[in-house]
Amino acid sequence: MEYVTHGLIRRMTGNDLEQVLSWRNHPDVRRFMYTQHEITLAEHIRWFDRASVDTARHLLIFEIDGEAQGFINLHEIAPGGIADWGFYAAPNAHKGTGRQLGNKLLQYAFGELGFHKICGQALAFNERSIQFHLRLGFEQEGILRDQHFDGQQYHSVVCFGLLATDWQTTTER
């Protein structure tokens, strides 16, 4: 597997709010989220104000050549460096941007932050996200049957995990 990526990860700032909100509200992104209504700017600002001061959260922007291409929410959920992640690439991002975002985030989380495990979830109908996690080296750790109700129907949630030691072994090949 190739883990060399171009681009960088930086902290999200208030200047990123409108762009990240436009990505999040885009129909191609929103349909795969737990919350599927269009988020207002006021709602988005309230979320950012709370999340940006939470020391367990890392709100990040992935950039290529100085241009924002994606958003990552990395949340340390347990002692010992265990974190959940959520992410999306800009709807107009070039093919392969998501892979670069994922690789750069794993380098950051396991390298710079020293995390032990990254956990992810995907709605079971989101085949692209499921395959994405598997290509990055995540193991499928379970399925939560009918775990999410979108207001009309229930959806199962596929759970993934990647240990730092497994990631290091994969990147050393």
# chains A, B, ... in the order shown; residues from 1 in each chain; ligands from 1
call {"tool": "residues_around", "arguments": {"residues": "A:Gln140", "least_positions_apart": "2", "cutoff": "8 Å", "atoms": "only C-alpha atoms", "output": "ChimeraX atom specification"}}
result
/A:134,138,142,158-161
call {"tool": "write_last_selection", "arguments": {"atoms": "C-alpha atoms", "output": "short mmCIF file (atom, residue, chain, number, x, y, z; two decimals), in the first residue's frame"}}
result
data_model
loop_
_atom_site.label_atom_id
_atom_site.label_comp_id
_atom_site.auth_asym_id
_atom_site.auth_seq_id
_atom_site.Cartn_x
_atom_site.Cartn_y
_atom_site.Cartn_z
CA LEU A 134 -11.06 -1.47 4.35
CA PHE A 138 -9.28 -0.86 9.01
CA GLY A 142 -19.03 -5.43 13.93
CA VAL A 158 -20.82 -0.99 10.22
CA CYS A 159 -18.04 -0.46 12.80
CA PHE A 160 -14.33 -0.36 11.99
CA GLY A 161 -11.11 -0.15 13.95
#
call {"tool": "residues_around", "arguments": {"residues": "A:Cys119", "least_positions_apart": "2", "cutoff": "7 Å", "atoms": "only C-alpha atoms", "output": "PyMOL selection string"}}
result
chain A and resi 83-85+117+160-162
call {"tool": "closest_atom_pairs", "arguments": {"of": "stretch 114-165 of chain A", "to": "stretch 49-73 of chain A", "cutoff": "12 Å", "atoms": "only C-alpha atoms", "output": "CSV"}}
result
residue,atom,partner,partner_atom,distance
A:Phe115,CA,A:Ala56,CA,11.8
A:Ile118,CA,A:Asn73,CA,11.5
A:Cys119,CA,A:Asn73,CA,11.7
A:Gly120,CA,A:Asn73,CA,10.9
call {"tool": "residues_around", "arguments": {"residues": "A:Arg128", "least_positions_apart": "3", "cutoff": "12 Å", "atoms": "only C-alpha atoms", "output": "list in words"}}
result
Asp28, Val29, Phe32, Tyr88, Gly98, Arg99, Ala122, Leu123, Ala124, Phe125, Gln131, Phe132, His133, Leu134 and Arg135 of chain A
call {"tool": "write_last_selection", "arguments": {"atoms": "C-alpha atoms", "output": "compact mmCIF listing (two decimals), in the first residue's frame"}}
result
# COMPACT_ATOMS: atom_id res chain seq x y z
CA ASP A 28 -23.85 13.94 -1.87
CA VAL A 29 -22.39 14.32 1.64
CA PHE A 32 -24.57 9.53 4.32
CA TYR A 88 -15.77 14.10 4.24
CA GLY A 98 -10.35 10.96 0.14
CA ARG A 99 -7.54 8.40 0.12
CA ALA A 122 -20.47 3.84 8.18
CA LEU A 123 -24.15 3.43 7.48
CA ALA A 124 -24.50 -0.02 5.94
CA PHE A 125 -25.79 1.38 2.62
CA GLN A 131 -14.63 -0.01 1.04
CA PHE A 132 -12.67 3.14 1.89
CA HIS A 133 -12.10 2.00 5.47
CA LEU A 134 -11.06 -1.47 4.35
CA ARG A 135 -8.58 -0.06 1.78
call {"tool": "closest_residue", "arguments": {"among": "A:Leu21, A:Ala109, A:Ala93, A:Leu163", "to": "A:Ile45", "atoms": "only C-alpha atoms"}}
result
A:Leu21
